[in-house]
$ cat run-v1.txt   # compact mmCIF, N, CA and C atoms
# COMPACT_ATOMS: atom_id res chain seq x y z
N MET A 1 -14.55 -39.56 6.09
CA MET A 1 -15.53 -38.54 5.73
C MET A 1 -15.26 -37.24 6.48
N ALA A 2 -15.00 -37.36 7.78
CA ALA A 2 -14.73 -36.16 8.58
C ALA A 2 -13.47 -35.45 8.08
N ASP A 3 -12.46 -36.24 7.72
CA ASP A 3 -11.22 -35.64 7.20
C ASP A 3 -11.49 -34.91 5.89
N GLU A 4 -12.32 -35.49 5.05
CA GLU A 4 -12.65 -34.86 3.77
C GLU A 4 -13.40 -33.54 3.99
N ASN A 5 -14.34 -33.52 4.92
CA ASN A 5 -15.07 -32.28 5.23
C ASN A 5 -14.14 -31.22 5.80
N ARG A 6 -13.23 -31.65 6.65
CA ARG A 6 -12.27 -30.71 7.25
C ARG A 6 -11.37 -30.12 6.17
N PHE A 7 -10.91 -30.97 5.25
CA PHE A 7 -10.06 -30.51 4.15
C PHE A 7 -10.82 -29.52 3.26
N ARG A 8 -12.09 -29.83 2.97
CA ARG A 8 -12.92 -28.95 2.14
C ARG A 8 -13.08 -27.58 2.83
N ALA A 9 -13.34 -27.59 4.13
CA ALA A 9 -13.49 -26.33 4.88
C ALA A 9 -12.18 -25.55 4.88
N TYR A 10 -11.07 -26.26 5.02
CA TYR A 10 -9.75 -25.62 5.02
C TYR A 10 -9.50 -24.93 3.67
N ARG A 11 -9.81 -25.64 2.57
CA ARG A 11 -9.62 -25.05 1.24
C ARG A 11 -10.56 -23.86 1.03
N ARG A 12 -11.80 -23.98 1.49
CA ARG A 12 -12.77 -22.88 1.36
C ARG A 12 -12.26 -21.66 2.14
N GLY A 13 -11.67 -21.90 3.31
CA GLY A 13 -11.12 -20.80 4.10
C GLY A 13 -9.97 -20.10 3.39
N HIS A 14 -9.07 -20.89 2.80
CA HIS A 14 -7.95 -20.29 2.06
C HIS A 14 -8.45 -19.50 0.85
N ARG A 15 -9.42 -20.05 0.14
CA ARG A 15 -9.97 -19.37 -1.02
C ARG A 15 -10.63 -18.06 -0.58
N GLY A 16 -11.36 -18.10 0.52
CA GLY A 16 -12.01 -16.90 1.04
C GLY A 16 -11.00 -15.84 1.43
N GLU A 17 -9.91 -16.26 2.06
CA GLU A 17 -8.88 -15.30 2.46
C GLU A 17 -8.19 -14.69 1.24
N ARG A 18 -7.97 -15.47 0.21
CA ARG A 18 -7.37 -14.92 -1.02
C ARG A 18 -8.29 -13.87 -1.65
N LEU A 19 -9.59 -14.18 -1.71
CA LEU A 19 -10.55 -13.22 -2.27
C LEU A 19 -10.62 -11.96 -1.41
N ALA A 20 -10.63 -12.13 -0.11
CA ALA A 20 -10.67 -10.98 0.80
C ALA A 20 -9.43 -10.11 0.63
N ALA A 21 -8.26 -10.76 0.52
CA ALA A 21 -7.01 -10.02 0.33
C ALA A 21 -7.05 -9.24 -0.98
N LEU A 22 -7.55 -9.86 -2.04
CA LEU A 22 -7.65 -9.18 -3.32
C LEU A 22 -8.57 -7.96 -3.22
N ALA A 23 -9.72 -8.12 -2.56
CA ALA A 23 -10.65 -7.01 -2.40
C ALA A 23 -9.99 -5.84 -1.66
N LEU A 24 -9.21 -6.15 -0.61
CA LEU A 24 -8.54 -5.08 0.14
C LEU A 24 -7.42 -4.44 -0.67
N MET A 25 -6.69 -5.24 -1.44
CA MET A 25 -5.61 -4.68 -2.27
C MET A 25 -6.19 -3.74 -3.33
N LEU A 26 -7.35 -4.07 -3.86
CA LEU A 26 -7.98 -3.19 -4.83
C LEU A 26 -8.45 -1.88 -4.20
N LYS A 27 -8.58 -1.86 -2.88
CA LYS A 27 -8.91 -0.63 -2.16
C LYS A 27 -7.65 0.12 -1.73
N GLY A 28 -6.48 -0.37 -2.15
CA GLY A 28 -5.23 0.33 -1.87
C GLY A 28 -4.49 -0.14 -0.63
N PHE A 29 -4.92 -1.25 -0.04
CA PHE A 29 -4.24 -1.79 1.14
C PHE A 29 -3.16 -2.77 0.71
N ARG A 30 -2.13 -2.84 1.52
CA ARG A 30 -1.05 -3.81 1.33
C ARG A 30 -1.25 -4.89 2.39
N ILE A 31 -1.23 -6.14 1.99
CA ILE A 31 -1.38 -7.24 2.94
C ILE A 31 -0.01 -7.47 3.58
N VAL A 32 0.08 -7.27 4.88
CA VAL A 32 1.38 -7.42 5.56
C VAL A 32 1.49 -8.75 6.29
N ALA A 33 0.36 -9.42 6.52
CA ALA A 33 0.40 -10.75 7.15
C ALA A 33 -0.88 -11.51 6.82
N ARG A 34 -0.71 -12.80 6.65
CA ARG A 34 -1.86 -13.71 6.44
C ARG A 34 -1.76 -14.80 7.49
N ARG A 35 -2.90 -15.13 8.07
CA ARG A 35 -2.96 -16.17 9.10
C ARG A 35 -1.87 -15.98 10.15
N TYR A 36 -1.84 -14.80 10.73
CA TYR A 36 -0.85 -14.48 11.77
C TYR A 36 -1.26 -15.22 13.04
N ARG A 37 -0.44 -16.18 13.45
CA ARG A 37 -0.77 -17.03 14.60
C ARG A 37 0.10 -16.71 15.80
N THR A 38 -0.53 -16.66 16.95
CA THR A 38 0.18 -16.54 18.22
C THR A 38 -0.46 -17.57 19.17
N LYS A 39 0.12 -17.72 20.35
CA LYS A 39 -0.49 -18.60 21.36
C LYS A 39 -1.81 -18.02 21.85
N LEU A 40 -1.99 -16.71 21.67
CA LEU A 40 -3.18 -16.04 22.18
C LEU A 40 -4.35 -16.06 21.19
N GLY A 41 -4.04 -16.16 19.90
CA GLY A 41 -5.09 -16.13 18.90
C GLY A 41 -4.52 -16.01 17.50
N GLU A 42 -5.40 -15.92 16.52
CA GLU A 42 -4.99 -15.85 15.12
C GLU A 42 -5.72 -14.70 14.44
N ILE A 43 -5.01 -14.04 13.52
CA ILE A 43 -5.61 -12.99 12.69
C ILE A 43 -5.56 -13.49 11.26
N ASP A 44 -6.70 -13.46 10.58
CA ASP A 44 -6.75 -13.94 9.20
C ASP A 44 -5.89 -13.09 8.28
N LEU A 45 -6.10 -11.77 8.31
CA LEU A 45 -5.34 -10.86 7.46
C LEU A 45 -4.98 -9.60 8.24
N ILE A 46 -3.79 -9.09 7.99
CA ILE A 46 -3.41 -7.77 8.49
C ILE A 46 -3.06 -6.95 7.25
N ALA A 47 -3.77 -5.84 7.10
CA ALA A 47 -3.59 -4.99 5.92
C ALA A 47 -3.20 -3.59 6.38
N ARG A 48 -2.49 -2.90 5.51
CA ARG A 48 -2.03 -1.56 5.89
C ARG A 48 -2.10 -0.62 4.70
N ARG A 49 -2.52 0.60 4.99
CA ARG A 49 -2.48 1.69 4.01
C ARG A 49 -2.05 2.92 4.82
N GLY A 50 -0.83 3.36 4.58
CA GLY A 50 -0.28 4.47 5.36
C GLY A 50 -0.17 4.06 6.83
N ASP A 51 -0.72 4.88 7.71
CA ASP A 51 -0.67 4.59 9.15
C ASP A 51 -1.89 3.81 9.64
N LEU A 52 -2.79 3.46 8.73
CA LEU A 52 -3.98 2.70 9.10
C LEU A 52 -3.71 1.21 8.95
N VAL A 53 -3.91 0.48 10.03
CA VAL A 53 -3.74 -0.98 10.03
C VAL A 53 -5.11 -1.61 10.22
N LEU A 54 -5.44 -2.54 9.34
CA LEU A 54 -6.68 -3.29 9.47
C LEU A 54 -6.37 -4.67 10.02
N ILE A 55 -7.04 -5.03 11.07
CA ILE A 55 -7.01 -6.38 11.60
C ILE A 55 -8.30 -7.02 11.07
N VAL A 56 -8.16 -7.98 10.17
CA VAL A 56 -9.32 -8.46 9.40
C VAL A 56 -9.65 -9.91 9.71
N GLU A 57 -10.89 -10.14 10.07
CA GLU A 57 -11.44 -11.48 10.22
C GLU A 57 -12.20 -11.80 8.94
N VAL A 58 -11.91 -12.93 8.33
CA VAL A 58 -12.57 -13.35 7.11
C VAL A 58 -13.56 -14.45 7.46
N LYS A 59 -14.80 -14.28 7.02
CA LYS A 59 -15.84 -15.27 7.27
C LYS A 59 -16.50 -15.66 5.96
N ALA A 60 -16.41 -16.93 5.60
CA ALA A 60 -17.09 -17.45 4.41
C ALA A 60 -18.40 -18.07 4.89
N ARG A 61 -19.49 -17.43 4.55
CA ARG A 61 -20.81 -17.87 5.02
C ARG A 61 -21.82 -17.65 3.90
N PRO A 62 -23.00 -18.26 4.02
CA PRO A 62 -24.01 -18.11 2.96
C PRO A 62 -24.62 -16.71 2.90
N THR A 63 -24.65 -15.99 4.04
CA THR A 63 -25.24 -14.64 4.07
C THR A 63 -24.37 -13.72 4.91
N LEU A 64 -24.57 -12.42 4.71
CA LEU A 64 -23.85 -11.44 5.52
C LEU A 64 -24.24 -11.55 7.00
N ILE A 65 -25.51 -11.79 7.26
CA ILE A 65 -25.97 -11.94 8.65
C ILE A 65 -25.28 -13.13 9.32
N ALA A 66 -25.19 -14.24 8.60
CA ALA A 66 -24.52 -15.43 9.15
C ALA A 66 -23.04 -15.13 9.43
N ALA A 67 -22.42 -14.37 8.56
CA ALA A 67 -21.01 -14.01 8.76
C ALA A 67 -20.86 -13.13 10.00
N MET A 68 -21.75 -12.16 10.16
CA MET A 68 -21.69 -11.27 11.33
C MET A 68 -21.92 -12.05 12.62
N GLU A 69 -22.87 -12.98 12.58
CA GLU A 69 -23.18 -13.77 13.78
C GLU A 69 -22.06 -14.74 14.14
N ALA A 70 -21.22 -15.09 13.17
CA ALA A 70 -20.12 -16.02 13.43
C ALA A 70 -18.98 -15.37 14.21
N LEU A 71 -18.98 -14.06 14.32
CA LEU A 71 -17.93 -13.35 15.05
C LEU A 71 -18.40 -13.17 16.49
N THR A 72 -17.92 -14.03 17.37
CA THR A 72 -18.35 -14.03 18.77
C THR A 72 -17.44 -13.14 19.62
N ARG A 73 -17.89 -12.82 20.81
CA ARG A 73 -17.08 -12.01 21.73
C ARG A 73 -15.78 -12.75 22.09
N THR A 74 -15.87 -14.07 22.21
CA THR A 74 -14.67 -14.86 22.51
C THR A 74 -13.65 -14.74 21.38
N SER A 75 -14.11 -14.85 20.13
CA SER A 75 -13.18 -14.72 19.01
C SER A 75 -12.64 -13.29 18.91
N GLU A 76 -13.47 -12.30 19.24
CA GLU A 76 -12.99 -10.91 19.25
C GLU A 76 -11.84 -10.75 20.24
N ARG A 77 -11.96 -11.33 21.43
CA ARG A 77 -10.90 -11.22 22.44
C ARG A 77 -9.61 -11.87 21.96
N ARG A 78 -9.73 -13.02 21.31
CA ARG A 78 -8.52 -13.69 20.79
C ARG A 78 -7.87 -12.86 19.69
N ILE A 79 -8.67 -12.28 18.81
CA ILE A 79 -8.15 -11.43 17.74
C ILE A 79 -7.46 -10.20 18.33
N GLU A 80 -8.08 -9.58 19.34
CA GLU A 80 -7.49 -8.40 20.00
C GLU A 80 -6.15 -8.75 20.62
N ALA A 81 -6.07 -9.90 21.30
CA ALA A 81 -4.81 -10.30 21.95
C ALA A 81 -3.72 -10.50 20.91
N ALA A 82 -4.05 -11.16 19.80
CA ALA A 82 -3.06 -11.37 18.74
C ALA A 82 -2.66 -10.03 18.11
N ALA A 83 -3.63 -9.13 17.95
CA ALA A 83 -3.34 -7.81 17.38
C ALA A 83 -2.41 -7.01 18.29
N ASP A 84 -2.65 -7.07 19.60
CA ASP A 84 -1.76 -6.37 20.54
C ASP A 84 -0.33 -6.87 20.40
N LEU A 85 -0.18 -8.17 20.27
CA LEU A 85 1.15 -8.75 20.13
C LEU A 85 1.80 -8.30 18.82
N TRP A 86 1.05 -8.37 17.71
CA TRP A 86 1.60 -7.94 16.42
C TRP A 86 2.02 -6.47 16.49
N LEU A 87 1.12 -5.63 17.03
CA LEU A 87 1.42 -4.20 17.10
C LEU A 87 2.65 -3.91 17.95
N SER A 88 2.81 -4.63 19.05
CA SER A 88 3.95 -4.38 19.93
C SER A 88 5.27 -4.67 19.23
N ARG A 89 5.23 -5.45 18.17
CA ARG A 89 6.45 -5.80 17.43
C ARG A 89 6.73 -4.87 16.25
N GLN A 90 5.87 -3.87 16.06
CA GLN A 90 6.06 -2.93 14.96
C GLN A 90 6.86 -1.73 15.45
N PRO A 91 7.94 -1.35 14.75
CA PRO A 91 8.75 -0.24 15.21
C PRO A 91 7.99 1.09 15.27
N ASP A 92 6.96 1.24 14.43
CA ASP A 92 6.21 2.50 14.40
C ASP A 92 4.83 2.37 15.04
N HIS A 93 4.69 1.43 16.00
CA HIS A 93 3.37 1.16 16.57
C HIS A 93 2.71 2.37 17.20
N GLY A 94 3.50 3.30 17.69
CA GLY A 94 2.93 4.49 18.33
C GLY A 94 2.19 5.41 17.37
N SER A 95 2.51 5.33 16.10
CA SER A 95 1.88 6.22 15.13
C SER A 95 0.78 5.53 14.31
N LEU A 96 0.48 4.29 14.64
CA LEU A 96 -0.50 3.54 13.85
C LEU A 96 -1.92 3.68 14.39
N SER A 97 -2.87 3.75 13.48
CA SER A 97 -4.29 3.67 13.83
C SER A 97 -4.73 2.25 13.48
N VAL A 98 -5.47 1.63 14.38
CA VAL A 98 -5.87 0.24 14.19
C VAL A 98 -7.39 0.17 14.10
N ARG A 99 -7.84 -0.65 13.15
CA ARG A 99 -9.28 -0.86 12.99
C ARG A 99 -9.54 -2.35 12.84
N PHE A 100 -10.60 -2.83 13.46
CA PHE A 100 -10.99 -4.23 13.39
C PHE A 100 -12.12 -4.36 12.38
N ASP A 101 -11.83 -5.00 11.26
CA ASP A 101 -12.78 -5.15 10.16
C ASP A 101 -13.08 -6.62 9.92
N MET A 102 -14.11 -6.85 9.13
CA MET A 102 -14.43 -8.20 8.70
C MET A 102 -14.66 -8.16 7.19
N VAL A 103 -14.27 -9.22 6.53
CA VAL A 103 -14.63 -9.38 5.13
C VAL A 103 -15.46 -10.65 5.05
N ALA A 104 -16.70 -10.48 4.60
CA ALA A 104 -17.60 -11.61 4.43
C ALA A 104 -17.49 -12.11 3.00
N VAL A 105 -17.17 -13.38 2.86
CA VAL A 105 -17.08 -14.01 1.54
C VAL A 105 -18.37 -14.79 1.36
N LEU A 106 -19.19 -14.32 0.44
CA LEU A 106 -20.52 -14.86 0.22
C LEU A 106 -20.58 -15.56 -1.13
N PRO A 107 -21.46 -16.54 -1.28
CA PRO A 107 -21.54 -17.26 -2.57
C PRO A 107 -21.90 -16.33 -3.73
N ARG A 108 -21.17 -16.47 -4.81
CA ARG A 108 -21.45 -15.75 -6.07
C ARG A 108 -21.57 -14.24 -5.90
N ARG A 109 -20.81 -13.68 -4.99
CA ARG A 109 -20.79 -12.23 -4.78
C ARG A 109 -19.37 -11.79 -4.52
N TRP A 110 -19.11 -10.52 -4.79
CA TRP A 110 -17.82 -9.94 -4.43
C TRP A 110 -17.79 -9.86 -2.90
N PRO A 111 -16.61 -10.06 -2.26
CA PRO A 111 -16.54 -10.00 -0.80
C PRO A 111 -17.05 -8.66 -0.26
N VAL A 112 -17.72 -8.73 0.88
CA VAL A 112 -18.28 -7.54 1.52
C VAL A 112 -17.35 -7.12 2.65
N HIS A 113 -16.81 -5.91 2.56
CA HIS A 113 -15.89 -5.37 3.56
C HIS A 113 -16.71 -4.58 4.59
N VAL A 114 -16.72 -5.07 5.83
CA VAL A 114 -17.45 -4.40 6.92
C VAL A 114 -16.41 -3.73 7.82
N GLU A 115 -16.42 -2.41 7.84
CA GLU A 115 -15.45 -1.66 8.64
C GLU A 115 -15.91 -1.59 10.10
N ASN A 116 -14.94 -1.51 11.01
CA ASN A 116 -15.23 -1.36 12.45
C ASN A 116 -16.27 -2.38 12.93
N VAL A 117 -16.03 -3.65 12.60
CA VAL A 117 -17.00 -4.68 12.98
C VAL A 117 -17.05 -4.84 14.51
N PHE A 118 -15.94 -4.51 15.18
CA PHE A 118 -15.96 -4.41 16.65
C PHE A 118 -14.85 -3.46 17.08
N GLN A 119 -15.00 -2.93 18.27
CA GLN A 119 -14.02 -2.01 18.81
C GLN A 119 -13.03 -2.78 19.68
N GLY A 120 -11.77 -2.66 19.38
CA GLY A 120 -10.75 -3.33 20.20
C GLY A 120 -10.63 -2.68 21.56
N GLY A 121 -10.16 -3.48 22.52
CA GLY A 121 -9.87 -2.96 23.84
C GLY A 121 -11.04 -2.87 24.78
N ASN A 122 -12.18 -3.40 24.41
CA ASN A 122 -13.35 -3.37 25.31
C ASN A 122 -13.32 -4.51 26.28
$ encode --input "run-v1.txt" --output "structure tokens"
Amino acid sequence: MADENRFRAYRRGHRGERLAALALMLKGFRIVARRYRTKLGEIDLIARRGDLVLIVEVKARPTLIAAMEALTRTSERRIEAAADLWLSRQPDHGSLSVRFDMVAVLPRRWPVHVENVFQGGN
């Protein structure tokens, strides 16, 4: 039973990330990485439009408030650490602007893109 619940959550997460990626692409962003994993943390999506890079956390929750509350300070630190590592590997990192966003995937609604959900480097 636990394995089945874990598998269901895993599939829901993938579906949420696909929807979030589609919503960002329709806004003109190019998805440059999905589920970017490091020893320091994981980034659900990395999107880019020109020199703007979005570090995106995707949360599939029943409400926007629940999605916002699911983003803890601990998870923010892990996302920031992974983002620093990704950025350091980009040849044009000095010219990039970085923003930490969230996409909330809610039942029977188009994904909600929340810009600047937290400030990196705090």
$ atom_distance --input "run-v1.txt" --atom1 "CA of Met68 in chain A" --atom2 "CA of Leu85 in chain A"
24.6 Å
$ atom_distance --input "run-v1.txt" --atom1 "atom N of Ile79 in chain A" --atom2 "CA of Arg35 in chain A"
11.9 Å
$ atom_distance --input "run-v1.txt" --atom1 "CA of Met102 in chain A" --atom2 "CA of Val58 in chain A"
5.7 Å
$ residues_around --input "run-v1.txt" --residues "Val112 in chain A" --least-positions-apart "4" --cutoff "6 Å" --atoms "all atoms listed in the file" --output "MDAnalysis selection string"
chainID A and resid 102:106
$ select_by_dssp --input "run-v1.txt" --residues "chain A" --states "alpha helix (DSSP H)" --output "ChimeraX atom specification"
/A:2-26,64-69,73-88
$ residues_around --input "run-v1.txt" --residues "range 26-30 of chain A" --least-positions-apart "6" --cutoff "6 Å" --atoms "all atoms listed in the file" --output "PyMOL selection string"
chain A and resi 46-49
$ residues_around --input "run-v1.txt" --residues "Gly13 in chain A" --least-positions-apart "4" --cutoff "8 Å" --atoms "all atoms listed in the file" --output "JSON, numbers by chain"
{"A": [7, 8, 9, 17, 18, 19, 58, 59, 60]}
$ write_last_selection --input "run-v1.txt" --atoms "N, CA and C atoms" --output "CSV table (one decimal), in the frame of the given file"
chain,number,residue,atom,x,y,z
A,7,PHE,N,-10.9,-31.0,5.2
A,7,PHE,CA,-10.1,-30.5,4.2
A,7,PHE,C,-10.8,-29.5,3.3
A,8,ARG,N,-12.1,-29.8,3.0
A,8,ARG,CA,-12.9,-29.0,2.1
A,8,ARG,C,-13.1,-27.6,2.8
A,9,ALA,N,-13.3,-27.6,4.1
A,9,ALA,CA,-13.5,-26.3,4.9
A,9,ALA,C,-12.2,-25.6,4.9
A,17,GLU,N,-9.9,-16.3,2.1
A,17,GLU,CA,-8.9,-15.3,2.5
A,17,GLU,C,-8.2,-14.7,1.2
A,18,ARG,N,-8.0,-15.5,0.2
A,18,ARG,CA,-7.4,-14.9,-1.0
A,18,ARG,C,-8.3,-13.9,-1.6
A,19,LEU,N,-9.6,-14.2,-1.7
A,19,LEU,CA,-10.6,-13.2,-2.3
A,19,LEU,C,-10.6,-12.0,-1.4
A,58,VAL,N,-11.9,-12.9,8.3
A,58,VAL,CA,-12.6,-13.4,7.1
A,58,VAL,C,-13.6,-14.4,7.5
A,59,LYS,N,-14.8,-14.3,7.0
A,59,LYS,CA,-15.8,-15.3,7.3
A,59,LYS,C,-16.5,-15.7,6.0
A,60,ALA,N,-16.4,-16.9,5.6
A,60,ALA,CA,-17.1,-17.4,4.4
A,60,ALA,C,-18.4,-18.1,4.9
$ closest_residue --input "run-v1.txt" --among "A:Glu76, A:Asp92, A:Asp101, A:Glu69" --to "Val56 in chain A" --atoms "all atoms listed in the file"
A:Asp101
$ decode --input "run-v1.txt" --residues "range 91-115 of chain A" --atoms "C-alpha atoms" --output "PDB file, in the first residue's frame"
ATOM      1  CA  PRO A  91      29.401  30.142 -19.339  1.00  0.00           C
ATOM      2  CA  ASP A  92      27.344  33.369 -19.259  1.00  0.00           C
ATOM      3  CA  HIS A  93      26.485  33.279 -15.542  1.00  0.00           C
ATOM      4  CA  GLY A  94      27.772  36.813 -15.000  1.00  0.00           C
ATOM      5  CA  SER A  95      25.117  38.291 -17.272  1.00  0.00           C
ATOM      6  CA  LEU A  96      22.149  36.296 -15.964  1.00  0.00           C
ATOM      7  CA  SER A  97      19.345  37.555 -13.748  1.00  0.00           C
ATOM      8  CA  VAL A  98      17.947  34.861 -11.478  1.00  0.00           C
ATOM      9  CA  ARG A  99      14.484  34.675  -9.979  1.00  0.00           C
ATOM     10  CA  PHE A 100      13.027  32.074  -7.629  1.00  0.00           C
ATOM     11  CA  ASP A 101       9.452  31.276  -8.652  1.00  0.00           C
ATOM     12  CA  MET A 102       6.851  28.684  -7.806  1.00  0.00           C
ATOM     13  CA  VAL A 103       4.201  27.101  -9.963  1.00  0.00           C
ATOM     14  CA  ALA A 104       1.238  25.803  -8.009  1.00  0.00           C
ATOM     15  CA  VAL A 105      -0.595  22.962  -9.718  1.00  0.00           C
ATOM     16  CA  LEU A 106      -4.134  23.000  -8.370  1.00  0.00           C
ATOM     17  CA  PRO A 107      -7.041  20.640  -9.082  1.00  0.00           C
ATOM     18  CA  ARG A 108      -9.077  21.512 -12.185  1.00  0.00           C
ATOM     19  CA  ARG A 109      -7.267  24.826 -12.716  1.00  0.00           C
ATOM     20  CA  TRP A 110      -4.525  26.137 -14.941  1.00  0.00           C
ATOM     21  CA  PRO A 111      -1.200  26.221 -13.008  1.00  0.00           C
ATOM     22  CA  VAL A 112      -0.631  29.413 -11.004  1.00  0.00           C
ATOM     23  CA  HIS A 113       2.778  31.034 -11.596  1.00  0.00           C
ATOM     24  CA  VAL A 114       3.958  32.908  -8.484  1.00  0.00           C
ATOM     25  CA  GLU A 115       6.945  35.143  -9.252  1.00  0.00           C
TER      26      GLU A 115
END
